[in-house]
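S.K.: Take this structure first; my questions come after.
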Amino acid sequence: MKGSFLFFAAIFLSFKSFTQHNFSTYVAHKSITEAIRVNNELIAGRTSFFEKQAAAKPLMFQSTKIKIQEFNRLSNNLSKYIEAIQKEVNTEQVLYEMLNRDFYKKVLFNDSKKLSYKGRKLKIKIDSLYNHSVKINVHKLSQLENFYNDHFKTGDIFYGFDENELDYFQYHFYDKSNYGIMMAMNCLLLDVKTFQLLYFGTVMSY
């Protein structure tokens, strides 16, 4: 009887631990996707507001309008590609650990370091946004410069916990579990949205 009780108690504790883990990972995922959703709404509102200003005063906003259109095009292009990759991997299966261990990693990496075709394509889109961001930041505004250097400069060198050098993808996708890569992709998508809002806020304040 005692043995049966201990057996079922062990099962219950294991299930409880598993449930708590799934709940915490779900909450983290839900929080970041909600932040992305809110940012999307804010971006749509600010884009609409700017377009109305540009229509009312076309000569004043002509140059800025061209910059913003290209900036939005590159940002949205990157966002859509991230979302396209995300759709290839079922979120629920990631959260409840129903996929093969390296499933998501194989989408972006050929092995532990080299990028796959889709990983290289993702890098090209990040680089395009970075290069354009540098180009349009003619006043060298630190808030913009710091953000795109920290989040989109793929040629930079980063350092891990043990001070070893890491490239952009090794640093930002350090956790190559399915959940780790899913969250890294969410963070990258949120970075793009946040940068769009930062740029809009900066432009509209001038």
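Following the order of the structure tokens, chains are lettered A, B, ..., residues in each are numbered from 1, and ligands are numbered from 1.
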For the helix (DSSP H, G or I) assignment from backbone DSSP, which residues of chain A qualify? Please present them as a count of residues only.

M.R.: 157

S.K.: Looking at A:Asn178, A:Val134, A:Tyr168, A:His29, which one is nearest to A:Lys106, with distances taken over only C-alpha atoms?

M.R.: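 Using only C-alpha atoms, the shortest distance to A:Lys106 belongs to A:Asn178.
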
S.K.: Can you list every residue in stretch 65-187 of chain A that DSSP puts in strand (DSSP E), as number ranges by chain?

M.R.: A: 158-159, 165-166
